Structures are given as C-alpha cells and as structure tokens.
Amino acid sequence: MKRRVFGSIAAQHDNLGDIAIRRVFFQKYADEGRSLVLLCKGMPKTYIEHFNFSTHVTLVPNSIAFQFKLLWEALNRRADLVYAPGPHRLDDDPKAVAKTILMLANIALIRATGGVIQTAGRALRGNGRLSWMLERQIVRLSQLYVVRDSASLALMKNGVLHAPDLAFGMERTARSSNQPRKLIALSFRNDTKIDVDTFERLIRSLKFHNFSPVLVSQVRRDDVQHEELATKFGLEAFLWGQKSHTDQQSVVDSVYRRSFAVVSNRLHGLIFGIMAGAIPVEYRIGASDKISSTVTPWFGSYPIINDQEYTPGANTETIQSLIEGVKDFDQRVDSARTSVRHTLTALTRVS
C-alpha cells in the first residue's frame with residue numbers, strides 16, 4: 001500500500017528563498033517516487049510553476065479540502081506528514097497556540113495510524129513558555145526534527161538534528177571558474193532602512209577598487225528601497241517588477257554568477273550568492289543572529305559590514321578581506337551541500 005506524503009508549499013510568495021528551500025525539500029521526495037499532497041493556499045500561478053513539480057504531486061489550494069484529504073488517507077493508514085523548512089515563532093499568542101494544537105492533533109492521528117512525522121529546516125525564535133512546551137511535543141513525536149541554525153539548536157537542546165539550510169542543496173557554480181567577476185551584488189531587506197552615509201562610503205570604496213556595484217531583488221517587495229538607492233547613487237538595479245518567479249530567478253542567478261561578492265542582510269541572498277560562487281558579505285543591522293547562526297556553522301567565517309559603523313578605516317579592512325577572498329571556498333560549499341544531501345536522504349529513508 002503506497003503511502004502519501006502531506007505538506008505545504010504556502011509561504012511568502014514574493015520571496016525566491018522561500019521557494020528554494022521548499023523545492024529542495026519536496027523534490028527529494030518526488031525523486032524517490034513518493035506521492036505528494038501539498039497545500040498551496042493563496043499562492044499565485046507563477047509561484048507554483050517555479051517548483052516545476054512532476055506528476056507525483058497533487059496540489060490542493062484549499063485548507064479545508066487539504067485537511068479532509070489528510071484525515072481520509074490517515075484513517076486508511078496511508079498518510080505521512082512533513083513540515084516544510086523555514087522560520088517558526090514560539091509566541092504564546094492565542095492564534096499561534098491554537099495552530100500548534102491543531103498540528104499536534106494531526107500528528108497524533110498520523111502516529112496512531114502508523115504514519116511518519118518529519119520536520120525539516122526549522123529556525124526557531126521566541127520565548128513563549130507554552131509554545132516551547134508544545135514544540136517540544138512535536139520534537140518528541142517526530143521521527144526526525146531538523147533545525148537549520150545554532151540558535152534553534154540551543155533553544156531545543158535535545159532530540160533535534162542540526163543541518164545546513166536547505167538552500168545549500170541547490171545546484172552550485174564553482175568559484176574557481178575562469179569567468180571574470182567584477183560585479184558586487186547588493187541586496188537588502190525592505191523592512192530595514194539602509195543608512196545612506198554608510199552606503200555611500202561602501203559604494204565609493206567598491207568603485208575605487210574597480211568593482212561595479214549593482215542592486216538585486218530576490219524578494220519582490222525589496223524593489224522599493226533598491227530603486228531608491230539605484231536612483232540616488234546612479235547604480236544599475238535588477239528589480240523584480242512584473243517578471244515571473246522563474247524569470248527573476250534566472251536574473252538573480254546570472255548576476256550572482258558574475259559577482260565577486262554578494263552584500264546582503266537577507267539570509268538567502270547570501271546563500272544564493274555562495275551557491276553561485278560569490279563571497280558572502282553580511283550587511284548587519286542591529287544584533288540579529290539569523291545569518292551568522294545559520295551560515296557560520298557550515299560555511300565558516302565571512303566578512304561583515306556593520307551599518308552605521310562603516311568608517312573609512314573599516315572600508316579598507318573589509319574591502320581588503322573581499323579581495324583576498326575566502327580560503328577553501330569551494331570545499332566549504334561542497335561540505336555544506338553534502339550535509340544537506342545526507343539530511344534529505346535521512347528524511348526520505350525514515351518515511
């Protein structure tokens with residue numbers, strides 16, 4: 001009796017990073033010939049098309065219909081349940097707690113009917129005590145529960161597997177290729193205002209060292225700030241605009257493959273850059289540990305620019321570290337990519 005794997009691809013539909021981690025995750029099941037039933041509520045047509053799913057996948061746009069399919073297959077002992085990678089807040093607000101309780105009810109049903117529960121690539125934050133206790137129950141009931149960063153590992157402590165972000169499982173371009181890299185790709189979150197003086201010093205320094213800085217949107221809503229910066233400083237901007245997800249992914253990949261480095265405060269901006277052979281440079285605003293706790297354990301150290309602290313002296317030091325590059329770049333990427341492959345194999349083997 002063939003079992004069906006239930007999951008969801010619903011996420012931020014204007015974010016190529018959200019697609020990347022889910023595509024790597026669910027594609028492994030499809031490659032193994034598993035039958036997938038995936039919730040795609042609210043996701044636009046070009047978002048879904050970008051996954052390029054095979055005939056093994058059934059897409060369900062309605063949450064209630066998805067729940068009924070899950071119940072039916074579980075009662076017939078044919079359902080496994082997987083939770084897709086990405087951030088998850090442990091907050092004790094009623095809506096979040098109610099959602100987790102529903103998750104636990106589904107999990108209890110799947111386990112009672114012989115099914116498998118897997119949670120992949122979680123990034124946990126928050127200090128809600130009740131939410132933490134409920135999440136611990138999900139960890140206990142999961143055959144495999146994977147976290148993508150050291151902060152989540154410290155929060156959950158026991159019973160979880162620490163593995164790289166699944167975007168490290170994408171196809172990669174070796175940095176040692178002969179193609180010249182004179183671009184510096186810049187990609188910033190729309191919800192963090194870039195300090196104009198810091199940015200001006202950075203652009204001036206990059207141009208002094210004969211680099212060509214460009215702005216790149218891999219999240220559609222980032223277009224607004226990127227367009228403003230491009231206009232103010234006379235830079236080329238590869239905005240998303242009205243392009244499809246697949247077309248914009250092609251633009252991003254092409255720019256990053258021609259870039260010496262990617263400067264970003266977006267996690268997947270840096271990982272996309274790494275997989276395209278570009279040096280990651282974190283543009284750090286505030287005390288966020290999202291990027292460092294995810295990238296450092298698997299890729300190692302990398303240059304960091306601190307917003308509003310980027311002095312002329314720091315300019316020279318950071319740019320010099322860029323020019324020198326990252327030692328053993330390709331070996332670091334291969335190691336992270338191998339770890340992702342092992343994790344995905346473990347996930348599909350369990351089910």
# chains A, B, ... in the order shown; residues from 1 in each chain; ligands from 1
>>> residues_around(residues="region 142-154 of chain A", least_positions_apart="5", cutoff="6 Å", atoms="only C-alpha atoms", output="list in words")
Ile117, Gln118, Thr119, Ala120, Gly121, Arg122, Ala123, Leu124, Val160, Leu161, His162, Ala163, Pro164, Asp165, Ser293 and Thr294 of chain A
>>> write_last_selection(atoms="N, CA and C atoms", output="tab-separated table (two decimals), in the first residue's frame")
chain	number	residue	atom	x	y	z
A	117	ILE	N	6.15	11.31	11.00
A	117	ILE	CA	6.17	12.76	11.15
A	117	ILE	C	7.61	13.25	11.00
A	118	GLN	N	7.81	14.25	10.13
A	118	GLN	CA	9.14	14.81	9.95
A	118	GLN	C	9.04	16.34	9.90
A	119	THR	N	10.01	16.98	10.49
A	119	THR	CA	10.06	18.44	10.48
A	119	THR	C	11.45	18.83	10.00
A	120	ALA	N	11.52	19.66	8.95
A	120	ALA	CA	12.81	19.91	8.31
A	120	ALA	C	13.18	21.39	8.30
A	121	GLY	N	14.43	21.68	8.64
A	121	GLY	CA	14.98	23.03	8.45
A	121	GLY	C	14.33	24.13	9.24
A	122	ARG	N	13.89	23.84	10.47
A	122	ARG	CA	13.24	24.86	11.28
A	122	ARG	C	14.25	25.90	11.77
A	123	ALA	N	13.78	27.15	11.87
A	123	ALA	CA	14.53	28.22	12.52
A	123	ALA	C	13.63	28.79	13.61
A	124	LEU	N	13.91	28.46	14.84
A	124	LEU	CA	13.03	28.78	15.97
A	124	LEU	C	13.49	30.04	16.69
A	160	VAL	N	16.89	17.00	18.45
A	160	VAL	CA	16.85	17.60	17.12
A	160	VAL	C	18.17	17.35	16.39
A	161	LEU	N	18.10	17.41	15.06
A	161	LEU	CA	19.29	17.29	14.22
A	161	LEU	C	19.63	18.66	13.67
A	162	HIS	N	20.88	19.06	13.80
A	162	HIS	CA	21.34	20.34	13.27
A	162	HIS	C	21.94	20.10	11.89
A	163	ALA	N	21.40	20.76	10.88
A	163	ALA	CA	21.87	20.59	9.50
A	163	ALA	C	21.84	21.93	8.79
A	164	PRO	N	22.54	22.08	7.66
A	164	PRO	CA	22.55	23.36	6.94
A	164	PRO	C	21.17	23.73	6.40
A	165	ASP	N	20.98	25.02	6.16
A	165	ASP	CA	19.79	25.49	5.46
A	165	ASP	C	19.70	24.75	4.12
A	293	SER	N	24.15	32.58	12.72
A	293	SER	CA	23.86	31.29	13.35
A	293	SER	C	23.50	30.22	12.32
A	294	THR	N	23.15	30.64	11.11
A	294	THR	CA	22.79	29.70	10.05
A	294	THR	C	23.97	29.39	9.13
>>> residues_around(residues="Gly169 (chain A)", least_positions_apart="4", cutoff="7 Å", atoms="only C-alpha atoms", output="list in words")
Val24, Arg337, Val340 and Arg341 of chain A
>>> write_last_selection(atoms="all heavy atoms", output="mmCIF file, in the first residue's frame")
data_model
loop_
_atom_site.group_PDB
_atom_site.id
_atom_site.type_symbol
_atom_site.label_atom_id
_atom_site.label_comp_id
_atom_site.auth_asym_id
_atom_site.auth_seq_id
_atom_site.Cartn_x
_atom_site.Cartn_y
_atom_site.Cartn_z
ATOM 1 N N VAL A 24 13.896 22.251 -2.801
ATOM 2 C CA VAL A 24 14.926 21.255 -2.499
ATOM 3 C C VAL A 24 14.347 20.140 -1.627
ATOM 4 O O VAL A 24 14.616 18.948 -1.846
ATOM 5 C CB VAL A 24 16.120 21.926 -1.782
ATOM 6 C CG1 VAL A 24 17.071 20.877 -1.209
ATOM 7 C CG2 VAL A 24 16.875 22.848 -2.732
ATOM 8 N N ARG A 337 26.878 21.327 1.160
ATOM 9 C CA ARG A 337 25.972 20.679 0.207
ATOM 10 C C ARG A 337 25.876 19.176 0.485
ATOM 11 O O ARG A 337 24.787 18.591 0.394
ATOM 12 C CB ARG A 337 26.475 20.931 -1.213
ATOM 13 C CG ARG A 337 25.451 20.679 -2.290
ATOM 14 C CD ARG A 337 25.814 21.434 -3.561
ATOM 15 N NE ARG A 337 24.822 21.182 -4.599
ATOM 16 C CZ ARG A 337 24.964 20.287 -5.563
ATOM 17 N NH1 ARG A 337 26.073 19.563 -5.646
ATOM 18 N NH2 ARG A 337 24.016 20.113 -6.466
ATOM 19 N N VAL A 340 23.577 18.609 3.416
ATOM 20 C CA VAL A 340 22.167 18.710 3.026
ATOM 21 C C VAL A 340 21.717 17.409 2.366
ATOM 22 O O VAL A 340 20.632 16.888 2.665
ATOM 23 C CB VAL A 340 21.928 19.903 2.075
ATOM 24 C CG1 VAL A 340 20.526 19.833 1.461
ATOM 25 C CG2 VAL A 340 22.099 21.211 2.824
ATOM 26 N N ARG A 341 22.529 16.872 1.475
ATOM 27 C CA ARG A 341 22.165 15.617 0.799
ATOM 28 C C ARG A 341 21.968 14.490 1.808
ATOM 29 O O ARG A 341 21.027 13.703 1.702
ATOM 30 C CB ARG A 341 23.234 15.235 -0.229
ATOM 31 C CG ARG A 341 23.201 16.072 -1.495
ATOM 32 C CD ARG A 341 23.872 15.345 -2.652
ATOM 33 N NE ARG A 341 25.259 15.007 -2.349
ATOM 34 C CZ ARG A 341 26.296 15.785 -2.620
ATOM 35 N NH1 ARG A 341 26.107 16.961 -3.188
ATOM 36 N NH2 ARG A 341 27.520 15.397 -2.334
#
>>> closest_atom_pairs(of="region 135-244 of chain A", to="region 272-286 of chain A", cutoff="9 Å", atoms="only C-alpha atoms", output="CSV")
residue,atom,partner,partner_atom,distance
A:Ala167,CA,A:Phe272,CA,7.4
A:Phe168,CA,A:Met275,CA,7.0
A:Gly169,CA,A:Met275,CA,8.8
A:Met170,CA,A:Met275,CA,7.1
A:Glu171,CA,A:Met275,CA,6.9
A:Arg172,CA,A:Met275,CA,4.5
A:Thr173,CA,A:Ala276,CA,4.8
A:Ala174,CA,A:Gly277,CA,5.4
A:Arg175,CA,A:Gly277,CA,4.2
A:Ser176,CA,A:Gly277,CA,7.9
A:Ser177,CA,A:Gly277,CA,8.6
A:Arg181,CA,A:Ala278,CA,8.6
A:Ile184,CA,A:Ala278,CA,8.8
A:Ala185,CA,A:Gly273,CA,8.6
A:Phe188,CA,A:Tyr283,CA,8.2
A:Thr192,CA,A:Ile285,CA,7.7
A:Ile194,CA,A:Ile285,CA,8.5
>>> write_last_selection(atoms="N, CA, C and O atoms", output="mmCIF file, in the first residue's frame")
data_model
loop_
_atom_site.group_PDB
_atom_site.id
_atom_site.type_symbol
_atom_site.label_atom_id
_atom_site.label_comp_id
_atom_site.auth_asym_id
_atom_site.auth_seq_id
_atom_site.Cartn_x
_atom_site.Cartn_y
_atom_site.Cartn_z
ATOM 1 N N ALA A 167 18.802 25.529 1.297
ATOM 2 C CA ALA A 167 19.242 26.226 0.079
ATOM 3 C C ALA A 167 20.678 25.849 -0.286
ATOM 4 O O ALA A 167 21.083 26.022 -1.444
ATOM 5 N N PHE A 168 21.440 25.320 0.667
ATOM 6 C CA PHE A 168 22.779 24.818 0.355
ATOM 7 C C PHE A 168 22.709 23.556 -0.512
ATOM 8 O O PHE A 168 23.731 23.086 -0.998
ATOM 9 N N GLY A 169 21.506 23.030 -0.708
ATOM 10 C CA GLY A 169 21.340 21.858 -1.552
ATOM 11 C C GLY A 169 21.051 22.189 -3.010
ATOM 12 O O GLY A 169 20.881 21.287 -3.826
ATOM 13 N N MET A 170 21.007 23.481 -3.344
ATOM 14 C CA MET A 170 20.776 23.880 -4.737
ATOM 15 C C MET A 170 21.993 23.566 -5.602
ATOM 16 O O MET A 170 23.081 23.289 -5.090
ATOM 17 N N GLU A 171 21.792 23.628 -6.914
ATOM 18 C CA GLU A 171 22.927 23.496 -7.821
ATOM 19 C C GLU A 171 23.906 24.639 -7.577
ATOM 20 O O GLU A 171 23.501 25.743 -7.210
ATOM 21 N N ARG A 172 25.188 24.379 -7.791
ATOM 22 C CA ARG A 172 26.181 25.396 -7.468
ATOM 23 C C ARG A 172 27.108 25.667 -8.648
ATOM 24 O O ARG A 172 27.241 24.855 -9.565
ATOM 25 N N THR A 173 27.727 26.846 -8.609
ATOM 26 C CA THR A 173 28.747 27.237 -9.574
ATOM 27 C C THR A 173 30.064 27.395 -8.826
ATOM 28 O O THR A 173 30.122 28.110 -7.821
ATOM 29 N N ALA A 174 31.105 26.723 -9.283
ATOM 30 C CA ALA A 174 32.394 26.790 -8.605
ATOM 31 C C ALA A 174 32.972 28.199 -8.696
ATOM 32 O O ALA A 174 32.905 28.848 -9.741
ATOM 33 N N ARG A 175 33.544 28.671 -7.607
ATOM 34 C CA ARG A 175 34.161 29.992 -7.605
ATOM 35 C C ARG A 175 35.421 30.005 -8.458
ATOM 36 O O ARG A 175 35.811 31.047 -8.998
ATOM 37 N N SER A 176 36.055 28.878 -8.605
ATOM 38 C CA SER A 176 37.324 28.801 -9.326
ATOM 39 C C SER A 176 37.154 28.829 -10.846
ATOM 40 O O SER A 176 38.103 28.594 -11.576
ATOM 41 N N SER A 177 35.931 29.088 -11.332
ATOM 42 C CA SER A 177 35.721 29.160 -12.776
ATOM 43 C C SER A 177 36.501 30.330 -13.366
ATOM 44 O O SER A 177 36.851 31.281 -12.671
ATOM 45 N N ARG A 181 34.867 38.131 -12.497
ATOM 46 C CA ARG A 181 33.816 38.575 -11.581
ATOM 47 C C ARG A 181 34.140 39.998 -11.147
ATOM 48 O O ARG A 181 34.959 40.211 -10.250
ATOM 49 N N ILE A 184 29.696 43.588 -7.737
ATOM 50 C CA ILE A 184 29.370 43.356 -6.335
ATOM 51 C C ILE A 184 27.856 43.512 -6.234
ATOM 52 O O ILE A 184 27.314 44.603 -6.437
ATOM 53 N N ALA A 185 27.159 42.407 -5.970
ATOM 54 C CA ALA A 185 25.704 42.442 -5.888
ATOM 55 C C ALA A 185 25.273 42.872 -4.491
ATOM 56 O O ALA A 185 25.786 42.370 -3.491
ATOM 57 N N PHE A 188 19.055 44.068 -0.185
ATOM 58 C CA PHE A 188 18.690 44.457 1.182
ATOM 59 C C PHE A 188 17.210 44.240 1.462
ATOM 60 O O PHE A 188 16.355 44.415 0.586
ATOM 61 N N THR A 192 14.287 47.024 6.603
ATOM 62 C CA THR A 192 15.428 47.625 7.296
ATOM 63 C C THR A 192 15.960 48.770 6.443
ATOM 64 O O THR A 192 16.424 48.556 5.329
ATOM 65 N N ILE A 194 18.405 51.287 5.012
ATOM 66 C CA ILE A 194 19.855 51.351 4.863
ATOM 67 C C ILE A 194 20.333 52.776 5.151
ATOM 68 O O ILE A 194 19.793 53.751 4.624
#
>>> closest_residue(among="A:Ala65, A:Ala261, A:Ile138, A:Ala84", to="Leu104 (chain A)", atoms="only C-alpha atoms")
A:Ile138
>>> residues_around(residues="region 40-43 of chain A", least_positions_apart="3", cutoff="9 Å", atoms="only C-alpha atoms", output="MDAnalysis selection string")
chainID A and resid 8:13 46:48 59:63
>>> write_last_selection(atoms="N, CA, C and O atoms", output="CSV table (one decimal), in the first residue's frame")
chain,number,residue,atom,x,y,z
A,8,SER,N,3.1,21.4,2.9
A,8,SER,CA,2.6,22.7,2.4
A,8,SER,C,3.8,23.4,1.8
A,8,SER,O,4.9,23.4,2.3
A,9,ILE,N,3.4,24.1,0.6
A,9,ILE,CA,4.4,25.0,0.0
A,9,ILE,C,3.9,26.4,0.1
A,9,ILE,O,4.5,27.3,-0.4
A,10,ALA,N,2.9,26.7,0.9
A,10,ALA,CA,2.4,28.0,1.1
A,10,ALA,C,3.4,28.8,1.9
A,10,ALA,O,3.8,28.3,3.0
A,11,ALA,N,3.8,30.0,1.5
A,11,ALA,CA,4.8,30.8,2.1
A,11,ALA,C,4.7,32.2,1.6
A,11,ALA,O,3.7,32.6,1.1
A,12,GLN,N,5.8,33.0,1.8
A,12,GLN,CA,5.9,34.3,1.2
A,12,GLN,C,6.1,34.2,-0.3
A,12,GLN,O,7.1,33.8,-0.7
A,13,HIS,N,5.0,34.5,-1.0
A,13,HIS,CA,5.0,34.2,-2.4
A,13,HIS,C,5.9,35.1,-3.2
A,13,HIS,O,6.2,34.9,-4.4
A,46,THR,N,2.5,31.7,-11.0
A,46,THR,CA,4.0,31.7,-11.3
A,46,THR,C,4.8,31.2,-10.2
A,46,THR,O,5.9,30.6,-10.4
A,47,TYR,N,4.3,31.4,-8.9
A,47,TYR,CA,5.0,30.8,-7.8
A,47,TYR,C,5.0,29.3,-7.9
A,47,TYR,O,6.0,28.6,-7.7
A,48,ILE,N,3.8,28.7,-8.1
A,48,ILE,CA,3.6,27.2,-8.2
A,48,ILE,C,4.4,26.7,-9.4
A,48,ILE,O,5.1,25.7,-9.3
A,59,LEU,N,-1.6,19.2,-5.9
A,59,LEU,CA,-1.7,20.5,-5.3
A,59,LEU,C,-3.1,20.8,-4.8
A,59,LEU,O,-4.1,20.6,-5.6
A,60,VAL,N,-3.2,21.2,-3.6
A,60,VAL,CA,-4.6,21.5,-3.0
A,60,VAL,C,-4.6,23.0,-2.6
A,60,VAL,O,-3.9,23.4,-1.7
A,61,PRO,N,-5.4,23.8,-3.2
A,61,PRO,CA,-5.5,25.2,-2.9
A,61,PRO,C,-6.3,25.6,-1.7
A,61,PRO,O,-6.3,26.7,-1.2
A,62,ASN,N,-7.1,24.6,-1.1
A,62,ASN,CA,-8.0,24.9,0.0
A,62,ASN,C,-7.6,24.2,1.2
A,62,ASN,O,-7.4,23.0,1.2
A,63,SER,N,-7.5,24.9,2.3
A,63,SER,CA,-7.1,24.3,3.6
A,63,SER,C,-8.0,23.3,4.1
A,63,SER,O,-7.6,22.2,4.6
>>> atom_distance(atom1="CA of Gln67 (chain A)", atom2="CA of Asn127 (chain A)")
29.3 Å
>>> select_by_dssp(residues="region 140-276 of chain A", states="strand (DSSP E or B)", output="PyMOL selection string")
chain A and resi 144-147+161-162+183-187+212-216+219+236-238+259-264
>>> write_last_selection(atoms="N, CA, C and O atoms", output="short mmCIF file (atom, residue, chain, number, x, y, z; two decimals), in the first residue's frame")
data_model
loop_
_atom_site.label_atom_id
_atom_site.label_comp_id
_atom_site.auth_asym_id
_atom_site.auth_seq_id
_atom_site.Cartn_x
_atom_site.Cartn_y
_atom_site.Cartn_z
N LEU A 144 12.07 12.54 12.82
CA LEU A 144 13.26 13.37 12.57
C LEU A 144 12.83 14.83 12.60
O LEU A 144 11.90 15.22 11.89
N TYR A 145 13.50 15.63 13.42
CA TYR A 145 13.21 17.06 13.54
C TYR A 145 14.53 17.79 13.31
O TYR A 145 15.48 17.65 14.08
N VAL A 146 14.58 18.56 12.22
CA VAL A 146 15.83 19.19 11.80
C VAL A 146 15.75 20.71 12.01
O VAL A 146 14.75 21.34 11.63
N VAL A 147 16.78 21.29 12.62
CA VAL A 147 16.89 22.75 12.74
C VAL A 147 18.06 23.20 11.89
O VAL A 147 19.02 22.47 11.67
N LEU A 161 18.10 17.41 15.06
CA LEU A 161 19.29 17.29 14.22
C LEU A 161 19.63 18.66 13.67
O LEU A 161 18.76 19.35 13.13
N HIS A 162 20.88 19.06 13.80
CA HIS A 162 21.34 20.34 13.27
C HIS A 162 21.94 20.10 11.89
O HIS A 162 22.88 19.31 11.74
N LEU A 183 31.42 42.34 -10.65
CA LEU A 183 30.25 42.92 -10.00
C LEU A 183 30.29 42.67 -8.49
O LEU A 183 30.85 41.68 -8.02
N ILE A 184 29.70 43.59 -7.74
CA ILE A 184 29.37 43.36 -6.33
C ILE A 184 27.86 43.51 -6.23
O ILE A 184 27.31 44.60 -6.44
N ALA A 185 27.16 42.41 -5.97
CA ALA A 185 25.70 42.44 -5.89
C ALA A 185 25.27 42.87 -4.49
O ALA A 185 25.79 42.37 -3.49
N LEU A 186 24.34 43.80 -4.44
CA LEU A 186 23.83 44.33 -3.18
C LEU A 186 22.34 44.02 -3.09
O LEU A 186 21.57 44.33 -4.02
N SER A 187 21.91 43.40 -1.99
CA SER A 187 20.50 43.03 -1.85
C SER A 187 20.07 43.22 -0.40
O SER A 187 20.64 42.60 0.50
N SER A 212 32.06 46.94 -9.77
CA SER A 212 30.83 47.59 -10.22
C SER A 212 29.67 47.13 -9.33
O SER A 212 29.16 46.01 -9.49
N PRO A 213 29.24 47.97 -8.38
CA PRO A 213 28.13 47.59 -7.51
C PRO A 213 26.79 47.66 -8.24
O PRO A 213 26.53 48.60 -9.00
N VAL A 214 25.95 46.65 -8.04
CA VAL A 214 24.61 46.61 -8.62
C VAL A 214 23.63 46.16 -7.54
O VAL A 214 24.01 45.47 -6.59
N LEU A 215 22.38 46.53 -7.69
CA LEU A 215 21.34 46.14 -6.75
C LEU A 215 20.50 45.02 -7.35
O LEU A 215 20.18 45.04 -8.54
N VAL A 216 20.14 44.03 -6.51
CA VAL A 216 19.43 42.85 -6.99
C VAL A 216 18.26 42.53 -6.04
O VAL A 216 18.45 42.46 -4.84
N VAL A 219 13.57 39.31 -3.54
CA VAL A 219 12.27 39.42 -2.88
C VAL A 219 11.58 40.63 -3.50
O VAL A 219 12.15 41.73 -3.51
N GLU A 236 23.02 50.43 -11.39
CA GLU A 236 22.13 49.54 -12.13
C GLU A 236 21.38 48.67 -11.11
O GLU A 236 21.96 48.18 -10.15
N ALA A 237 20.08 48.49 -11.34
CA ALA A 237 19.26 47.69 -10.43
C ALA A 237 18.52 46.61 -11.21
O ALA A 237 17.85 46.89 -12.21
N PHE A 238 18.64 45.37 -10.75
CA PHE A 238 17.95 44.24 -11.35
C PHE A 238 16.69 43.98 -10.52
O PHE A 238 16.66 43.09 -9.66
N SER A 259 29.26 37.91 -10.05
CA SER A 259 29.61 38.76 -8.91
C SER A 259 30.79 38.22 -8.12
O SER A 259 30.87 37.01 -7.86
N PHE A 260 31.67 39.12 -7.76
CA PHE A 260 32.78 38.75 -6.90
C PHE A 260 32.27 38.47 -5.49
O PHE A 260 32.75 37.58 -4.79
N ALA A 261 31.26 39.25 -5.07
CA ALA A 261 30.68 39.08 -3.74
C ALA A 261 29.22 39.51 -3.77
O ALA A 261 28.78 40.25 -4.66
N VAL A 262 28.46 39.02 -2.79
CA VAL A 262 27.09 39.48 -2.55
C VAL A 262 27.04 40.09 -1.16
O VAL A 262 27.42 39.45 -0.18
N VAL A 263 26.63 41.34 -1.09
CA VAL A 263 26.49 42.05 0.18
C VAL A 263 25.01 42.13 0.50
O VAL A 263 24.22 42.69 -0.27
N SER A 264 24.59 41.54 1.63
CA SER A 264 23.16 41.46 1.89
C SER A 264 22.88 41.27 3.38
O SER A 264 23.71 40.76 4.12
#
>>> closest_residue(among="A:Ile107, A:Arg125, A:Ile64, A:Thr113", to="His88 (chain A)", atoms="only C-alpha atoms")
A:Arg125
>>> select_by_dssp(residues="region 142-351 of chain A", states="alpha helix (DSSP H)", output="PyMOL selection string")
chain A and resi 150-156+196-208+223-233+245-257+267-275+290-299+312-324+329-350
>>> closest_residue(among="A:Leu109, A:Ile305, A:Leu36, A:Val224", to="Asn190 (chain A)", atoms="only C-alpha atoms")
A:Val224
>>> closest_residue(among="A:Val295, A:Leu16, A:His342, A:Leu102", to="Asp253 (chain A)", atoms="only C-alpha atoms")
A:Leu16
>>> residues_around(residues="Arg77 (chain A)", least_positions_apart="3", cutoff="7 Å", atoms="only C-alpha atoms", output="list in words")
Glu73, Ala74, Thr113, Gly114 and Gly115 of chain A
>>> write_last_selection(atoms="N, CA and C atoms", output="mmCIF file, in the first residue's frame")
data_model
loop_
_atom_site.group_PDB
_atom_site.id
_atom_site.type_symbol
_atom_site.label_atom_id
_atom_site.label_comp_id
_atom_site.auth_asym_id
_atom_site.auth_seq_id
_atom_site.Cartn_x
_atom_site.Cartn_y
_atom_site.Cartn_z
ATOM 1 N N GLU A 73 -6.814 9.825 4.233
ATOM 2 C CA GLU A 73 -5.653 8.965 3.992
ATOM 3 C C GLU A 73 -5.087 8.413 5.303
ATOM 4 N N ALA A 74 -5.144 9.211 6.377
ATOM 5 C CA ALA A 74 -4.665 8.732 7.676
ATOM 6 C C ALA A 74 -5.525 7.581 8.186
ATOM 7 N N THR A 113 -2.035 6.016 13.333
ATOM 8 C CA THR A 113 -2.383 5.196 12.155
ATOM 9 C C THR A 113 -1.144 4.716 11.405
ATOM 10 N N GLY A 114 0.001 4.709 12.105
ATOM 11 C CA GLY A 114 1.221 4.124 11.549
ATOM 12 C C GLY A 114 2.026 5.027 10.654
ATOM 13 N N GLY A 115 1.706 6.326 10.654
ATOM 14 C CA GLY A 115 2.410 7.253 9.785
ATOM 15 C C GLY A 115 3.673 7.836 10.400
#
>>> closest_residue(among="A:Ser301, A:Asp14, A:Asp195, A:Tyr83", to="Lys327 (chain A)", atoms="only C-alpha atoms")
A:Ser301
>>> atom_distance(atom1="CA of Gln248 (chain A)", atom2="CA of Asp222 (chain A)")
13.0 Å
